[in-house]
file target.txt (compact mmCIF, C-alpha atoms)
# COMPACT_ATOMS: atom_id res chain seq x y z
CA MET G 2 263.35 -10.40 9.53
CA ASN G 3 262.22 -7.22 7.78
CA THR G 4 259.13 -9.00 6.47
CA LEU G 5 258.30 -10.20 9.98
CA THR G 6 258.75 -6.68 11.35
CA MET G 7 256.44 -5.25 8.68
CA LYS G 8 253.81 -7.88 9.46
CA ASN G 9 253.95 -6.96 13.13
CA THR G 10 253.72 -3.21 12.58
CA MET G 11 251.49 -2.72 9.55
CA THR G 12 247.76 -2.58 10.22
CA TYR G 13 244.79 -2.14 7.94
CA LYS G 14 242.32 0.59 8.79
CA PRO G 15 239.06 0.28 6.82
CA LEU G 16 237.70 3.35 5.05
CA ASN G 17 234.97 5.10 7.03
CA LEU G 18 232.51 5.21 4.14
CA ALA G 19 229.67 6.68 6.20
CA ARG G 20 231.78 9.69 7.17
CA TRP G 21 232.74 10.36 3.56
CA ILE G 22 229.10 10.13 2.53
CA ILE G 23 228.02 12.59 5.24
CA TRP G 24 230.68 15.14 4.30
CA GLY G 25 229.89 14.67 0.62
CA LEU G 26 226.19 15.28 1.24
CA PHE G 27 227.06 18.35 3.29
CA ALA G 28 229.10 19.76 0.40
CA VAL G 29 226.34 18.99 -2.08
CA ALA G 30 223.76 20.66 0.18
CA LEU G 31 225.88 23.83 0.31
CA ILE G 32 226.20 23.86 -3.47
CA VAL G 33 222.55 23.25 -4.37
CA ALA G 34 220.92 25.27 -1.55
CA PRO G 35 220.79 28.57 -3.53
CA LEU G 36 219.45 26.69 -6.54
CA ILE G 37 216.48 25.48 -4.49
CA PHE G 38 215.91 28.54 -2.31
CA ASN G 39 216.14 31.26 -4.94
CA LYS G 40 213.15 33.46 -4.14
CA GLY G 41 213.29 36.96 -2.68
CA ALA G 42 215.81 37.36 0.13
CA SER G 43 216.67 33.64 0.26
CA LEU G 44 220.33 34.18 -0.63
CA SER G 45 220.75 36.74 2.13
CA ILE G 46 219.12 34.40 4.64
CA LEU G 47 221.31 31.47 3.52
CA SER G 48 224.39 33.68 3.92
CA GLN G 49 223.36 34.64 7.44
CA ILE G 50 222.76 30.98 8.31
CA GLY G 51 226.26 30.11 7.04
CA THR G 52 228.03 32.73 9.15
CA LEU G 53 225.93 31.86 12.21
CA MET G 54 226.76 28.17 11.79
CA ILE G 55 230.48 28.92 12.07
CA PHE G 56 229.81 31.18 15.05
CA GLY G 57 227.68 28.53 16.76
CA LEU G 58 230.18 25.73 16.12
CA SER G 59 232.99 27.87 17.54
CA TYR G 60 230.91 28.60 20.62
CA ASN G 61 230.15 24.92 21.08
CA MET G 62 233.89 24.27 21.30
CA LEU G 63 233.64 26.08 24.63
CA LEU G 64 230.21 25.09 25.94
CA GLY G 65 229.51 21.66 24.46
CA GLN G 66 233.03 20.25 24.36
CA GLY G 67 234.68 22.13 27.20
CA GLY G 68 231.78 22.89 29.55
CA MET G 69 232.69 26.60 29.51
CA LEU G 70 229.56 28.74 29.66
CA SER G 71 230.58 32.03 28.05
CA PHE G 72 228.46 35.18 27.94
CA GLY G 73 231.03 37.09 25.89
CA HIS G 74 231.81 35.05 22.79
CA ALA G 75 230.69 37.92 20.54
CA VAL G 76 233.91 39.71 21.52
CA TYR G 77 235.97 37.44 19.26
CA SER G 78 233.62 37.45 16.29
CA GLY G 79 232.91 41.18 16.64
CA LEU G 80 236.54 42.27 16.94
CA GLY G 81 237.38 39.92 14.09
CA ALA G 82 234.70 41.67 12.03
CA PHE G 83 236.14 45.12 12.86
CA PHE G 84 239.66 44.11 11.85
CA ALA G 85 238.33 42.47 8.70
CA ILE G 86 236.38 45.55 7.63
CA HIS G 87 239.39 47.81 8.29
CA ALA G 88 241.50 45.47 6.15
CA MET G 89 238.90 45.77 3.37
CA ASN G 90 239.02 49.57 3.57
CA LEU G 91 242.83 49.59 3.50
CA ALA G 92 242.80 47.25 0.51
CA THR G 93 240.27 49.52 -1.23
CA ALA G 94 242.58 52.50 -0.67
CA GLY G 95 245.49 50.52 -2.11
CA LYS G 96 247.50 50.60 1.13
CA ILE G 97 247.65 46.82 1.49
CA TRP G 98 247.09 43.80 -0.73
CA MET G 99 244.30 41.62 0.58
CA PRO G 100 241.78 39.87 -1.68
CA VAL G 101 238.21 39.57 -0.42
CA THR G 102 238.54 35.79 -0.41
CA MET G 103 241.16 35.99 2.36
CA ILE G 104 239.41 38.63 4.48
CA PRO G 105 237.83 35.97 6.78
CA LEU G 106 241.37 34.87 7.63
CA VAL G 107 242.11 38.40 8.88
CA GLY G 108 239.06 38.14 11.14
CA GLY G 109 240.18 34.71 12.32
CA LEU G 110 243.68 35.89 13.23
CA ALA G 111 242.19 38.88 15.07
CA GLY G 112 239.83 36.59 16.97
CA MET G 113 242.77 34.33 17.84
CA PHE G 114 244.83 37.31 19.05
CA PHE G 115 242.10 38.48 21.40
CA GLY G 116 241.59 34.88 22.48
CA VAL G 117 245.25 34.89 23.55
CA LEU G 118 244.80 38.27 25.25
CA PHE G 119 241.50 37.75 27.07
CA GLY G 120 241.57 33.98 27.36
CA TYR G 121 244.51 33.84 29.71
CA VAL G 122 242.53 35.87 32.22
CA THR G 123 239.10 34.28 31.75
CA THR G 124 240.30 30.65 31.83
CA LYS G 125 242.04 31.16 35.16
CA LYS G 126 238.66 30.28 36.62
CA SER G 127 235.95 27.84 35.59
CA GLY G 128 232.24 27.38 36.11
CA THR G 129 230.15 30.36 37.21
CA THR G 130 233.20 32.53 37.78
CA PHE G 131 234.33 32.01 34.18
CA ALA G 132 230.87 32.94 32.93
CA MET G 133 230.83 36.16 34.98
CA ILE G 134 234.30 37.16 33.80
CA THR G 135 233.30 36.69 30.16
CA LEU G 136 230.23 38.84 30.80
CA GLY G 137 232.47 41.54 32.21
CA ILE G 138 234.80 41.28 29.20
CA VAL G 139 231.99 41.72 26.68
CA GLU G 140 230.61 44.73 28.54
CA LEU G 141 234.12 46.22 28.68
CA VAL G 142 234.66 45.79 24.93
CA PHE G 143 231.19 47.14 24.16
CA ALA G 144 231.92 50.25 26.24
CA CYS G 145 235.24 50.70 24.43
CA SER G 146 233.44 50.51 21.09
CA LEU G 147 231.64 53.74 22.01
CA MET G 148 234.71 55.37 23.60
CA PHE G 149 237.04 54.93 20.60
CA PRO G 150 235.08 56.03 17.51
CA GLU G 151 238.26 56.23 15.40
CA PHE G 152 238.47 52.45 15.32
CA PHE G 153 234.90 51.36 16.06
CA GLY G 154 233.08 54.12 14.18
CA GLY G 155 230.90 55.19 17.11
CA GLU G 156 227.19 54.45 16.97
CA GLY G 157 227.21 54.40 13.16
CA GLY G 158 229.89 51.74 12.93
CA ILE G 159 232.33 51.17 10.06
CA SER G 160 231.11 50.59 6.52
CA THR G 161 232.93 49.34 3.44
CA ASN G 162 232.53 48.20 -0.14
CA ARG G 163 233.33 44.56 -0.76
CA VAL G 164 233.79 45.11 -4.50
CA TYR G 165 237.38 46.26 -4.97
CA GLY G 166 240.42 45.22 -6.94
CA GLU G 167 240.51 43.26 -10.16
CA LYS G 168 238.04 40.50 -10.87
CA PHE G 169 239.36 36.95 -10.53
CA LEU G 170 237.74 34.50 -12.95
CA GLY G 171 234.83 36.94 -13.23
CA ILE G 172 234.27 36.99 -9.46
CA SER G 173 233.81 40.46 -7.98
CA TYR G 174 231.66 39.55 -4.93
CA GLY G 175 229.14 42.13 -6.01
CA PRO G 176 226.28 39.65 -6.64
CA GLN G 177 224.94 38.01 -3.47
CA ILE G 178 225.28 34.54 -5.00
CA GLN G 179 229.07 34.96 -5.09
CA VAL G 180 229.13 36.08 -1.46
CA TYR G 181 227.04 33.05 -0.53
CA TYR G 182 229.45 30.62 -2.17
CA LEU G 183 232.37 32.34 -0.43
CA ILE G 184 230.59 31.85 2.90
CA ALA G 185 229.74 28.25 1.98
CA ALA G 186 233.38 27.49 1.13
CA TRP G 187 234.64 28.93 4.41
CA LEU G 188 231.85 27.15 6.28
CA PHE G 189 232.91 23.82 4.82
CA ILE G 190 236.59 24.42 5.63
CA ALA G 191 235.84 25.69 9.15
CA THR G 192 233.48 22.80 9.88
CA ILE G 193 236.16 20.30 8.87
CA GLY G 194 238.66 22.12 11.07
CA MET G 195 236.39 22.17 14.11
CA TYR G 196 235.43 18.53 13.63
CA ALA G 197 239.11 17.60 13.30
CA PHE G 198 239.70 19.38 16.62
CA THR G 199 237.31 16.94 18.34
CA GLN G 200 239.55 14.05 17.20
CA THR G 201 242.79 15.55 18.52
CA PRO G 202 244.33 14.84 21.95
CA LEU G 203 243.44 18.39 23.02
CA GLY G 204 239.85 17.83 21.92
CA ARG G 205 239.65 14.64 23.98
CA ILE G 206 241.30 16.25 27.00
CA ILE G 207 238.92 19.20 26.98
CA ASN G 208 236.05 16.69 27.04
CA ALA G 209 237.65 15.13 30.11
CA VAL G 210 238.08 18.59 31.68
CA ARG G 211 234.38 19.18 31.13
CA ASP G 212 233.39 15.88 32.77
CA ASN G 213 235.91 15.54 35.59
CA PRO G 214 238.58 18.26 35.94
CA GLU G 215 239.92 16.86 39.22
CA ARG G 216 240.78 13.51 37.61
CA VAL G 217 242.43 15.29 34.66
CA GLU G 218 244.66 17.20 37.06
CA PHE G 219 245.39 13.98 38.94
CA ILE G 220 246.78 12.31 35.80
CA GLY G 221 249.07 15.30 35.18
CA TYR G 222 247.30 17.66 32.78
CA ASP G 223 246.91 21.41 33.33
CA THR G 224 243.18 22.07 33.01
CA GLN G 225 243.67 25.83 32.72
CA TRP G 226 245.92 25.43 29.69
CA ALA G 227 243.50 23.02 28.08
CA ARG G 228 240.71 25.58 28.47
CA TYR G 229 243.00 28.38 27.33
CA LEU G 230 244.14 26.66 24.12
CA THR G 231 240.57 25.66 23.32
CA LEU G 232 239.37 29.24 23.76
CA ILE G 233 242.12 30.49 21.44
CA LEU G 234 241.06 28.10 18.69
CA SER G 235 237.42 28.94 19.32
CA GLY G 236 238.25 32.63 18.99
CA PHE G 237 239.92 31.95 15.64
CA PHE G 238 236.83 30.34 14.14
CA ALA G 239 234.57 32.98 15.71
CA GLY G 240 236.74 35.63 14.04
CA ILE G 241 236.26 33.89 10.69
CA SER G 242 232.49 34.16 11.13
CA GLY G 243 232.93 37.85 11.97
CA GLY G 244 234.99 38.44 8.83
CA LEU G 245 232.35 36.75 6.69
CA SER G 246 229.65 38.86 8.37
CA ALA G 247 231.60 42.02 7.49
CA ILE G 248 231.74 40.94 3.85
CA ASN G 249 228.07 40.00 3.78
CA PHE G 250 226.64 43.14 5.38
CA GLU G 251 229.44 45.59 4.47
CA ILE G 252 229.04 47.24 7.88
CA VAL G 253 230.14 46.46 11.44
CA THR G 254 228.69 48.24 14.47
CA ALA G 255 228.98 48.11 18.26
CA GLU G 256 226.16 45.55 18.26
CA ASN G 257 228.65 43.01 16.88
CA VAL G 258 230.53 43.02 20.21
CA SER G 259 227.50 43.25 22.48
CA ALA G 260 226.20 40.89 25.14
CA LEU G 261 223.00 40.68 23.11
CA ARG G 262 224.81 38.87 20.30
CA SER G 263 226.62 36.65 22.80
CA GLY G 264 223.28 35.71 24.36
CA GLY G 265 221.84 34.99 20.92
CA VAL G 266 224.52 32.46 20.00
CA LEU G 267 224.07 30.83 23.43
CA LEU G 268 220.34 30.42 22.82
CA PHE G 269 220.72 29.07 19.30
CA THR G 270 223.50 26.66 20.22
CA PHE G 271 221.52 25.29 23.15
CA ILE G 272 218.36 24.97 21.04
CA GLY G 273 220.27 23.00 18.43
CA GLY G 274 221.93 20.73 20.99
CA ILE G 275 225.27 21.29 22.70
CA GLY G 276 225.86 17.55 23.10
CA PHE G 277 226.17 16.97 19.35
CA PHE G 278 228.68 18.41 16.92
CA PHE G 279 226.00 19.29 14.36
CA GLY G 280 223.63 20.70 16.99
CA PRO G 281 224.71 24.35 16.55
CA MET G 282 224.13 24.04 12.81
CA ILE G 283 220.51 23.07 13.41
CA GLY G 284 220.23 25.82 16.00
CA SER G 285 221.55 28.36 13.49
CA ILE G 286 218.82 27.48 11.00
CA ILE G 287 216.14 27.75 13.69
CA GLY G 288 217.70 30.95 15.05
CA VAL G 289 217.70 32.74 11.70
CA PHE G 290 214.15 31.56 11.09
CA LEU G 291 212.95 32.93 14.44
CA THR G 292 214.88 36.21 14.37
CA VAL G 293 214.92 37.12 10.66
CA MET G 294 212.06 35.40 8.88
CA LEU G 295 209.52 35.28 11.72
CA SER G 296 210.12 38.92 12.64
CA ASP G 297 208.77 39.89 9.20
CA PHE G 298 205.42 38.29 10.03
CA THR G 299 204.85 39.06 13.70
CA LYS G 300 205.89 41.53 16.38
CA ALA G 301 205.78 38.73 18.95
CA TRP G 302 208.79 36.85 17.55
CA GLN G 303 210.82 37.39 20.72
CA LEU G 304 208.00 35.87 22.76
CA TYR G 305 207.99 32.80 20.52
CA LEU G 306 211.77 32.53 20.77
CA GLY G 307 211.65 32.70 24.56
CA ILE G 308 208.85 30.12 24.86
CA PHE G 309 210.62 27.77 22.45
CA PHE G 310 213.88 28.06 24.40
CA ILE G 311 212.12 27.38 27.71
CA LEU G 312 210.40 24.30 26.29
CA ILE G 313 213.71 22.97 24.95
CA VAL G 314 215.44 23.49 28.29
CA MET G 315 212.62 21.85 30.25
CA TYR G 316 211.66 18.91 28.06
CA ALA G 317 214.54 18.37 25.59
CA PRO G 318 217.85 19.39 27.20
CA GLY G 319 219.63 17.57 24.39
CA GLY G 320 218.22 20.11 21.94
CA VAL G 321 216.64 19.46 18.57
CA ALA G 322 219.63 17.31 17.62
CA GLY G 323 218.98 15.13 20.67
CA ILE G 324 215.35 14.62 19.62
CA LEU G 325 216.43 13.65 16.11
CA MET G 326 219.08 11.22 17.35
CA LEU G 327 216.68 9.52 19.77
CA ASN G 328 214.19 8.95 16.96
CA LEU G 329 216.93 7.72 14.63
CA ARG G 330 218.06 5.24 17.29
CA VAL G 331 214.51 3.90 17.62
CA ALA G 332 214.29 3.59 13.84
CA LYS G 333 217.70 1.92 13.67
CA TYR G 334 216.56 -0.85 16.00
CA GLY G 335 213.36 -1.32 14.00
CA LYS G 336 210.99 -0.20 16.73
CA PHE G 337 209.64 3.02 15.26
CA LYS G 338 206.48 1.25 14.07
CA ARG G 339 205.52 0.77 17.72
CA VAL G 340 205.66 4.45 18.59
CA TRP G 341 204.69 6.34 15.43
CA ALA G 342 200.92 6.20 16.03
CA GLN G 343 201.17 7.58 19.58
CA MET G 344 203.76 10.15 18.43
CA LEU G 345 201.47 11.31 15.64
CA ALA G 346 198.56 11.69 18.08
CA VAL G 347 200.70 13.78 20.45
CA CYS G 348 201.92 15.99 17.58
CA ILE G 349 198.37 16.57 16.28
CA ALA G 350 197.13 17.51 19.74
CA ALA G 351 200.11 19.82 20.25
CA LEU G 352 199.52 21.41 16.83
CA VAL G 353 195.88 22.15 17.68
CA GLY G 354 196.88 23.78 20.95
CA LEU G 355 199.69 25.68 19.20
CA VAL G 356 197.30 27.17 16.63
CA GLY G 357 195.03 28.36 19.44
CA ALA G 358 197.97 29.81 21.38
CA ILE G 359 199.23 31.67 18.30
CA MET G 360 195.76 33.12 17.78
CA VAL G 361 195.64 34.35 21.37
CA ILE G 362 199.13 35.90 21.20
CA GLU G 363 198.65 37.59 17.84
CA MET G 364 195.23 38.98 18.70
CA ALA G 365 196.47 40.21 22.07
CA TYR G 366 199.43 41.97 20.43
CA HIS G 367 197.22 43.57 17.81
CA TYR G 368 194.52 44.60 20.28
CA THR G 369 196.98 46.21 22.69
CA LEU G 370 199.53 47.70 20.27
CA GLU G 371 197.83 48.18 16.91
CA SER G 372 194.21 48.89 17.82
CA VAL G 373 194.60 52.57 16.91
CA ASN G 374 194.80 51.42 13.29
CA GLY G 375 191.65 49.32 13.63
CA THR G 376 190.74 46.17 15.49
CA GLN G 377 190.69 43.94 12.42
CA MET G 378 193.73 41.89 11.43
CA LYS G 379 194.65 39.10 9.05
CA LEU G 380 195.30 35.81 10.81
CA PHE G 381 196.00 32.54 8.97
CA GLY G 382 194.72 34.14 5.78
CA THR G 383 191.40 35.23 7.34
CA MET G 384 190.31 38.65 8.58
CA VAL G 385 189.35 38.59 12.26
CA ASP G 386 188.07 41.31 14.58
CA THR G 387 190.07 41.32 17.80
CA ALA G 388 187.32 43.31 19.54
CA ALA G 389 184.72 40.61 18.84
CA PRO G 390 184.28 37.70 21.29
CA MET G 391 184.01 34.91 18.67
CA PRO G 392 187.72 34.80 17.62
CA TRP G 393 188.76 34.69 21.26
CA LEU G 394 186.33 31.87 22.01
CA ILE G 395 187.61 29.88 19.04
CA ALA G 396 191.22 30.42 20.11
CA LEU G 397 190.55 29.42 23.71
CA ALA G 398 188.59 26.37 22.54
CA LEU G 399 191.55 25.26 20.40
CA VAL G 400 193.93 25.75 23.32
CA THR G 401 191.65 23.75 25.61
CA ILE G 402 191.10 20.91 23.13
CA GLY G 403 194.79 20.76 22.28
CA SER G 404 195.87 20.78 25.92
CA LEU G 405 193.42 18.03 26.92
CA GLY G 406 194.34 15.98 23.87
CA PHE G 407 198.05 16.40 24.55
CA TRP G 408 197.64 15.39 28.20
CA LYS G 409 195.68 12.30 27.24
CA THR G 410 197.87 11.13 24.34
CA LYS G 411 201.09 11.92 26.17
CA GLN G 412 200.48 9.20 28.75
CA SER G 413 200.25 6.39 26.20
CA PHE G 414 203.16 7.80 24.19
CA THR G 415 205.37 8.08 27.27
CA GLN G 416 204.60 4.49 28.24
CA VAL G 417 205.36 3.06 24.79
CA TRP G 418 208.41 5.27 24.36
CA GLY G 419 209.81 4.14 27.70
CA GLU G 420 209.23 0.46 26.88
CA VAL G 421 210.90 0.76 23.49
CA ASN G 422 213.96 2.59 24.81
CA GLY G 423 214.22 0.14 27.70
CA GLU G 424 214.35 -2.72 25.21
CA ILE G 425 216.99 -0.90 23.17
CA GLU G 426 219.13 -0.32 26.26
CA GLU G 427 218.84 -4.00 27.11
CA GLN G 428 219.92 -4.96 23.59
CA ILE G 429 222.89 -2.61 23.83
CA ARG G 430 223.83 -4.05 27.23
CA ARG G 431 223.70 -7.61 25.94
CA ALA G 432 225.73 -6.73 22.85
CA THR G 433 228.37 -5.07 25.01
CA ALA G 434 228.49 -8.02 27.39
call {"tool": "encode", "arguments": {"input": "target.txt", "output": "structure tokens"}}
result
Amino acid sequence: MNTLTMKNTMTYKPLNLARWIIWGLFAVALIVAPLIFNKGASLSILSQIGTLMIFGLSYNMLLGQGGMLSFGHAVYSGLGAFFAIHAMNLATAGKIWMPVTMIPLVGGLAGMFFGVLFGYVTTKKSGTTFAMITLGIVELVFACSLMFPEFFGGEGGISTNRVYGEKFLGISYGPQIQVYYLIAAWLFIATIGMYAFTQTPLGRIINAVRDNPERVEFIGYDTQWARYLTLILSGFFAGISGGLSAINFEIVTAENVSALRSGGVLLFTFIGGIGFFFGPMIGSIIGVFLTVMLSDFTKAWQLYLGIFFILIVMYAPGGVAGILMLNLRVAKYGKFKRVWAQMLAVCIAALVGLVGAIMVIEMAYHYTLESVNGTQMKLFGTMVDTAAPMPWLIALALVTIGSLGFWKTKQSFTQVWGEVNGEIEEQIRRATA
């Protein structure tokens, strides 16, 4: 009888080898990244990418998984950063015991606390009203950061020294490489936690709330509580990113709780792809590249960021992750060989037009803003005179050739791409039937 019962209740669940491989590769990538990118400020950039990845993933818990467009998510990361940096200063003074390794947890608990405090009010509404309330919250907190300098440090912010206490196994967090690996470790843990959330009943319910809140209420769930609990967890992970940012930069200012930072994480998350779990991670890499690395080379980096965001919204609403997944699906069904030639032609034409557009933008910026220092500038490794007509003619010719080439090649690519994806959809339909 017992044997029969065991046979009826015991089931075998095969090991998801692909998932283990993906997580293993992710861990390996975090470990070897500083060994590959070890020039100049690479470690600092990698550290910023790591903290922004956690921030973006926490934001996507609201926007991508819950359909909650928030303009004030920086409140949770910023306040988490302030509490974290105060904890570091108290630990430095010997008033509390708190190792640097656990400082991100202080930020996370602070972010969770303010998620409990503000979330109950903001999640009372949904849609546009929720977005406007979050915008009001972030402006309120930003104003308070200037009104209470004892806690927020005024315009100068709060600074600290991350090297305090006794070394543990030779780790003092003085060298940037040690800070990077601390960020990488917390990134790995936080990513596992946020992915695990997507597999929980709450994670599935918040997806249903995003898609059809009326039906969720009809089957007996409280949509406001689902949004509220999700925001609390999101605030926790955002606070962790804030704590790591405080360790990395050793300073926290009012900018950490500003609408500007909230808008930045919105842009980067959307660019990466809100419909995919790993989308914000891709968006974080692109965001740091556009705001940190590109700003060292051009004054027009905000223009490039804005144009790139507009193009993503108009032509790839699934983000960069959506583009990658569509191409992987075509490759998976063995049909990439039918589209690669047309895709290559489109990319070449777009690249030609892009080079011309960059020339126009850079020369225009230099001619209007830097001409007092001379009209000559270095562009693509060559000195050009922005006051001479020839560089402008070359740039406009490249834009024209690229635009015409893109328009012509796009038609054939769109046709082939549509045929291939139609065939794939038919195969999927037949397999399902």
call {"tool": "atom_distance", "arguments": {"input": "target.txt", "atom1": "CA of Ala396 in chain G", "atom2": "CA of Ala358 in chain G"}}
result
6.9 Å
call {"tool": "residues_around", "arguments": {"input": "target.txt", "residues": "Ala132 in chain G", "least_positions_apart": "6", "cutoff": "7 Å", "atoms": "all atoms listed in the file", "output": "PyMOL selection string"}}
result
chain G and resi 70-72
call {"tool": "closest_residue", "arguments": {"input": "target.txt", "among": "G:Leu261, G:Ala351, G:Val340, G:Ile272", "to": "Gly73 in chain G", "atoms": "all atoms listed in the file"}}
result
G:Leu261
call {"tool": "residues_around", "arguments": {"input": "target.txt", "residues": "Pro35 in chain G", "least_positions_apart": "6", "cutoff": "10 Å", "atoms": "only C-alpha atoms", "output": "MDAnalysis selection string"}}
result
chainID G and resid 43:45 47:48 178 181:182
call {"tool": "closest_residue", "arguments": {"input": "target.txt", "among": "G:Asn422, G:Thr102, G:Gln377, G:Thr123", "to": "Thr135 in chain G", "atoms": "all atoms listed in the file"}}
result
G:Thr123
call {"tool": "closest_residue", "arguments": {"input": "target.txt", "among": "G:Leu26, G:Glu424, G:Leu188, G:Phe278", "to": "Gln200 in chain G", "atoms": "all atoms listed in the file"}}
result
G:Phe278
call {"tool": "closest_residue", "arguments": {"input": "target.txt", "among": "G:Gln179, G:Thr292, G:Ser242, G:Asn213", "to": "Gly112 in chain G", "atoms": "only C-alpha atoms"}}
result
G:Ser242
call {"tool": "closest_residue", "arguments": {"input": "target.txt", "among": "G:Gly276, G:Pro214, G:Gly335, G:Gly166", "to": "Ile97 in chain G", "atoms": "only C-alpha atoms"}}
result
G:Gly166
call {"tool": "closest_residue", "arguments": {"input": "target.txt", "among": "G:Met113, G:Met364, G:Ala255, G:Leu245", "to": "Pro150 in chain G", "atoms": "all atoms listed in the file"}}
result
G:Ala255
call {"tool": "axis_aligned_box", "arguments": {"input": "target.txt", "around": "range 183-202 of chain G", "padding_each_side": "6 Å", "output": "lines of an AutoDock Vina configuration file"}}
result
center_x = 237.0
center_y = 23.2
center_z = 10.8
size_x = 26.6
size_y = 30.3
size_z = 34.4
call {"tool": "residues_near_point", "arguments": {"input": "target.txt", "point": "(235.2, 34.5, 16.3)", "cutoff": "7 Å", "atoms": "only C-alpha atoms", "output": "PyMOL selection string"}}
result
chain G and resi 56+77-78+81+109+112+235-243
call {"tool": "write_last_selection", "arguments": {"input": "target.txt", "atoms": "C-alpha atoms", "output": "compact mmCIF listing (two decimals), in the coordinates of the input"}}
result
# COMPACT_ATOMS: atom_id res chain seq x y z
CA PHE G 56 229.81 31.18 15.05
CA TYR G 77 235.97 37.44 19.26
CA SER G 78 233.62 37.45 16.29
CA GLY G 81 237.38 39.92 14.09
CA GLY G 109 240.18 34.71 12.32
CA GLY G 112 239.83 36.59 16.97
CA SER G 235 237.42 28.94 19.32
CA GLY G 236 238.25 32.63 18.99
CA PHE G 237 239.92 31.95 15.64
CA PHE G 238 236.83 30.34 14.14
CA ALA G 239 234.57 32.98 15.71
CA GLY G 240 236.74 35.63 14.04
CA ILE G 241 236.26 33.89 10.69
CA SER G 242 232.49 34.16 11.13
CA GLY G 243 232.93 37.85 11.97
call {"tool": "residues_around", "arguments": {"input": "target.txt", "residues": "Arg163 in chain G", "least_positions_apart": "2", "cutoff": "12 Å", "atoms": "only C-alpha atoms", "output": "ChimeraX atom specification"}}
result
/G:85-93,99-102,104,160-161,165-168,172-177,179-180,244-252
call {"tool": "atom_distance", "arguments": {"input": "target.txt", "atom1": "CA of Phe407 in chain G", "atom2": "CA of Leu306 in chain G"}}
result
21.5 Å
call {"tool": "atom_distance", "arguments": {"input": "target.txt", "atom1": "CA of Pro392 in chain G", "atom2": "CA of Ile362 in chain G"}}
result
12.0 Å
call {"tool": "decode", "arguments": {"input": "target.txt", "residues": "range 262-274 of chain G", "atoms": "N, CA and C atoms", "output": "compact mmCIF listing (two decimals), in the first residue's frame"}}
result
# COMPACT_ATOMS: atom_id res chain seq x y z
N ARG G 262 17.60 61.01 -12.22
CA ARG G 262 18.07 59.63 -12.11
C ARG G 262 16.94 58.65 -12.36
N SER G 263 15.74 58.98 -11.92
CA SER G 263 14.58 58.12 -12.18
C SER G 263 14.32 58.02 -13.68
N GLY G 264 14.42 59.16 -14.38
CA GLY G 264 14.23 59.15 -15.83
C GLY G 264 15.32 58.36 -16.53
N GLY G 265 16.53 58.42 -16.00
CA GLY G 265 17.63 57.68 -16.61
C GLY G 265 17.41 56.18 -16.56
N VAL G 266 16.99 55.66 -15.40
CA VAL G 266 16.77 54.21 -15.30
C VAL G 266 15.59 53.78 -16.17
N LEU G 267 14.59 54.67 -16.33
CA LEU G 267 13.48 54.38 -17.23
C LEU G 267 13.97 54.24 -18.67
N LEU G 268 14.79 55.18 -19.12
CA LEU G 268 15.33 55.13 -20.47
C LEU G 268 16.14 53.87 -20.70
N PHE G 269 17.05 53.57 -19.78
CA PHE G 269 17.95 52.43 -19.98
C PHE G 269 17.21 51.10 -19.93
N THR G 270 16.22 51.02 -19.04
CA THR G 270 15.44 49.78 -18.95
C THR G 270 14.63 49.57 -20.21
N PHE G 271 14.04 50.63 -20.73
CA PHE G 271 13.24 50.52 -21.95
C PHE G 271 14.12 50.20 -23.15
N ILE G 272 15.30 50.81 -23.22
CA ILE G 272 16.23 50.53 -24.32
C ILE G 272 16.63 49.06 -24.31
N GLY G 273 16.91 48.54 -23.12
CA GLY G 273 17.30 47.13 -23.02
C GLY G 273 16.17 46.19 -23.38
N GLY G 274 14.96 46.52 -22.95
CA GLY G 274 13.80 45.66 -23.26
C GLY G 274 13.06 45.27 -22.01
